[in-house]
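Source file: data.txt (compact mmCIF, C-alpha atoms)
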```
# COMPACT_ATOMS: atom_id res chain seq x y z
CA MET R 734 -5.74 45.11 8.41
CA ASN R 735 -2.55 45.39 6.38
CA LYS R 736 -0.65 43.59 9.18
CA VAL R 737 -3.10 40.69 8.98
CA LYS R 738 -2.71 40.43 5.20
CA HIS R 739 1.05 40.67 5.54
CA LEU R 740 1.16 37.96 8.23
CA PHE R 741 -1.13 35.75 6.15
CA ILE R 742 1.07 36.08 3.07
CA VAL R 743 4.24 35.46 5.11
CA GLY R 744 2.57 32.40 6.67
CA VAL R 745 1.56 30.98 3.29
CA VAL R 746 5.03 31.54 1.80
CA ALA R 747 6.69 30.00 4.88
CA TYR R 748 4.34 27.02 4.72
CA ILE R 749 5.10 26.44 1.05
CA PHE R 750 8.84 26.98 1.55
CA PHE R 751 9.25 24.72 4.58
CA SER R 752 6.56 22.06 4.18
CA THR R 753 6.91 18.94 2.11
CA PRO R 754 4.16 17.05 0.28
CA ASN R 755 2.64 14.10 2.05
CA GLY R 756 4.02 11.36 -0.17
CA LEU R 757 4.88 11.15 -3.83
CA VAL R 758 3.40 13.89 -6.01
CA ILE R 759 5.41 13.23 -9.19
CA ASP R 760 4.27 10.92 -11.96
CA GLU R 761 6.39 8.81 -14.30
CA LYS R 762 6.55 11.70 -16.80
CA GLY R 763 7.94 14.06 -14.17
CA GLN R 764 4.71 16.04 -13.89
CA ILE R 765 4.02 17.57 -10.48
CA ASP R 766 0.51 17.05 -9.11
CA GLY R 767 -1.19 20.21 -7.83
CA VAL R 768 -0.55 23.92 -7.85
CA THR R 769 0.79 23.98 -4.29
CA ASN R 770 3.31 21.28 -5.11
CA ASN R 771 4.44 23.16 -8.22
CA ILE R 772 5.00 26.24 -6.09
CA ARG R 773 6.86 24.13 -3.51
CA SER R 774 9.17 22.77 -6.21
CA PHE R 775 9.89 26.34 -7.35
CA PHE R 776 10.72 27.64 -3.86
CA GLN R 777 12.40 24.51 -2.48
CA GLY R 778 14.34 23.45 -5.55
CA GLU R 779 16.62 20.48 -4.91
CA ARG R 780 15.19 19.86 -1.42
CA PHE R 781 11.75 19.23 -2.99
CA TRP R 782 13.20 16.73 -5.48
CA GLU R 783 15.26 14.96 -2.79
CA ALA R 784 12.10 14.51 -0.69
CA GLN R 785 10.27 13.20 -3.74
CA LEU R 786 13.06 10.72 -4.48
CA LEU R 787 12.87 9.46 -0.90
CA ALA R 788 9.06 9.07 -1.20
CA CYS R 789 9.43 7.30 -4.55
CA ASP R 790 12.08 4.90 -3.21
CA GLU R 791 9.89 4.12 -0.17
CA ASP R 792 6.84 3.42 -2.34
CA LEU R 793 8.90 1.25 -4.68
CA LYS R 794 10.33 -0.73 -1.77
CA TRP R 795 6.80 -1.27 -0.40
CA TYR R 796 5.58 -2.73 -3.70
CA LEU R 797 8.73 -4.84 -4.16
CA ASP R 798 8.42 -6.24 -0.63
CA GLU R 799 4.70 -7.04 -0.96
CA PRO R 800 5.21 -10.70 -2.02
CA LYS R 801 7.25 -11.34 1.15
CA ARG R 802 4.55 -9.75 3.32
CA GLN R 803 1.85 -11.72 1.54
CA ALA R 804 3.76 -14.99 1.97
CA GLN R 805 4.08 -14.30 5.71
CA ILE R 806 0.35 -13.55 5.98
CA GLU R 807 -0.48 -16.78 4.16
CA LYS R 808 1.84 -18.76 6.45
CA ASP R 809 0.29 -17.17 9.53
CA MET R 810 -3.21 -17.92 8.23
CA GLU R 811 -2.26 -21.53 7.52
CA ASP R 812 -0.86 -21.90 11.05
CA PHE R 813 -4.01 -20.34 12.49
CA SER R 814 -6.21 -22.64 10.41
CA LYS R 815 -4.33 -25.72 11.63
CA LYS R 816 -4.75 -24.61 15.25
CA ALA R 817 -8.45 -23.93 14.72
CA LYS R 818 -8.99 -27.39 13.21
CA MET R 819 -7.19 -29.00 16.14
CA MET R 820 -9.40 -27.06 18.54
CA ASP R 821 -12.49 -28.16 16.59
CA GLN R 822 -11.41 -31.80 16.81
CA GLU R 823 -10.84 -31.53 20.57
CA PHE R 824 -14.23 -29.85 21.00
CA TYR R 825 -16.08 -32.51 18.99
CA GLN R 826 -14.33 -35.30 20.87
CA LYS R 827 -15.70 -33.84 24.08
CA ASN R 828 -19.08 -33.01 22.51
CA PRO R 829 -19.80 -35.65 19.83
CA ASP R 830 -23.50 -34.77 19.68
CA LEU R 831 -22.56 -31.28 18.33
CA LYS R 832 -20.41 -32.65 15.51
CA PRO R 833 -21.51 -31.37 12.07
CA THR R 834 -23.38 -33.73 9.77
CA ALA R 835 -21.91 -34.98 6.50
CA SER R 836 -23.99 -32.47 4.52
CA GLN R 837 -22.83 -29.60 6.78
CA LEU R 838 -19.23 -30.64 6.29
CA GLU R 839 -19.72 -30.84 2.51
CA ALA R 840 -21.34 -27.39 2.49
CA GLU R 841 -18.36 -25.99 4.43
CA ARG R 842 -15.93 -27.66 2.01
CA LEU R 843 -17.72 -26.05 -0.94
CA ARG R 844 -17.69 -22.62 0.74
CA GLU R 845 -13.93 -22.98 1.30
CA LEU R 846 -13.46 -23.96 -2.34
CA ALA R 847 -15.42 -20.90 -3.49
CA ASP R 848 -13.29 -18.71 -1.18
CA GLU R 849 -10.10 -20.18 -2.67
CA ILE R 850 -11.29 -19.43 -6.21
CA GLU R 851 -12.19 -15.83 -5.33
CA GLU R 852 -8.89 -15.37 -3.48
CA LYS R 853 -6.93 -16.66 -6.48
CA GLU R 854 -8.71 -14.21 -8.79
CA ALA R 855 -8.08 -11.32 -6.39
CA LYS R 856 -4.38 -12.25 -6.11
CA GLU R 857 -4.02 -12.25 -9.90
CA ILE R 858 -5.60 -8.79 -10.14
CA TRP R 859 -3.45 -7.45 -7.30
CA GLU R 860 -0.26 -8.91 -8.81
CA LYS R 861 -0.94 -7.22 -12.16
CA GLU R 862 -1.49 -3.92 -10.37
CA ARG R 863 1.64 -4.42 -8.24
CA VAL R 864 3.78 -5.09 -11.33
CA ARG R 865 2.30 -2.02 -13.05
CA MET R 866 3.06 0.14 -10.01
CA VAL R 867 6.65 -1.16 -9.77
CA SER R 868 7.21 -0.27 -13.42
CA GLU R 869 5.64 3.18 -12.98
CA LEU R 870 7.61 3.90 -9.81
CA ARG R 871 10.90 2.84 -11.40
CA LYS R 872 10.26 5.32 -14.21
CA THR R 873 9.27 8.00 -11.71
CA CYS R 874 12.39 7.49 -9.58
CA THR R 875 14.54 7.70 -12.73
CA VAL R 876 12.87 10.98 -13.74
CA ILE R 877 13.37 12.42 -10.25
CA ARG R 878 17.06 11.37 -10.22
CA ALA R 879 17.52 13.13 -13.58
CA LYS R 880 16.05 16.34 -12.07
CA LEU R 881 18.63 16.12 -9.27
CA LYS R 882 21.64 15.94 -11.65
```

What would you get if you wrote out this structure as structure tokens?
Amino acid sequence: MNKVKHLFIVGVVAYIFFSTPNGLVIDEKGQIDGVTNNIRSFFQGERFWEAQLLACDEDLKWYLDEPKRQAQIEKDMEDFSKKAKMMDQEFYQKNPDLKPTASQLEAERLRELADEIEEKEAKEIWEKERVRMVSELRKTCTVIRAKLK
């Protein structure tokens, strides 16, 4: 039984010594999230902080690059929408009896308008959160760099 306990303890220490957290576990005040991560920082020292700086830089880059990704998505959606409208027109030219009525078209226009309003509100909320996260991550990366000096 003592061998099992010994192997278990060695396994736990090895895990903590060699494993890295899955992502960023430091906040903008330099506080480490979780007991295991605190123990990791103790055993790993600079290696722990280097891994955290890498995670912080990656997260920051993701948030900074988000507007570019969003612009590409919007462009792709616009292209898709144009193609879909062209396909609709071709279909209705071949099948004029299936063409929507004026009231159906107006209802669709109003649904699209409602979607645009909701999308605009969601974008504003997301942008505020993105800006907050960029600010927080910049502070966090600065704190981590200070720990590495």

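For the pair atom CA of Glu811 of chain R and atom CA of Ala847 of chain R, the interatomic distance is 17.2 Å.
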
Which polymer residues have any atom within 9 Å of an atom of Thr875 of chain R, counting all atoms listed in the file, with same-chain residues fewer than 4 positions away left out, as a ChimeraX atom specification? /R:761,786,870-871,879-880

With only C-alpha atoms as the counted atoms, please give the residues lying no more than 10 Å from Asn771 of chain R, apart from itself and same-chain residues fewer than 5 positions off, as a PyMOL selection string. chain R and resi 749+758+764-766+776-777+781

Considering only C-alpha atoms, return as a PyMOL selection string whatever protein or nucleic-acid residues lie within 10 Å of Glu783 of chain R, sequence-local ones (same chain, fewer than 3 positions apart) excluded. chain R and resi 777-780+786-789+877-878+880-881

Please measure the separation of atom CA of Glu852 of chain R and atom CA of Gln803 of chain R, giving the value in Å to one decimal.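 Atom CA of Glu852 of chain R sits 12.4 Å away from atom CA of Gln803 of chain R.
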
Could you check which of R:Glu845, R:Val876, R:Leu757, R:Asn735 is closest to Glu791 of chain R, using all atoms listed in the file?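 Closest residue, counting all atoms listed in the file: R:Leu757.
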
One decimal, Å: what's the distance from atom CA of Gln805 of chain R over to atom CA of Glu860 of chain R, could you say?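 According to the coordinates, atom CA of Gln805 of chain R and atom CA of Glu860 of chain R are separated by 16.1 Å.
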
Show me, as an MDAnalysis selection string, the residues that have an atom within 12 Å of Val864 of chain R when counting all atoms listed in the file, minus same-chain residues fewer than 2 positions from it. chainID R and resid 793 795:800 857:862 866:871

Between R:Ile850, R:Val746, R:Phe824, R:Lys762, single out the one closest to Lys872 of chain R, counting all atoms listed in the file. R:Lys762
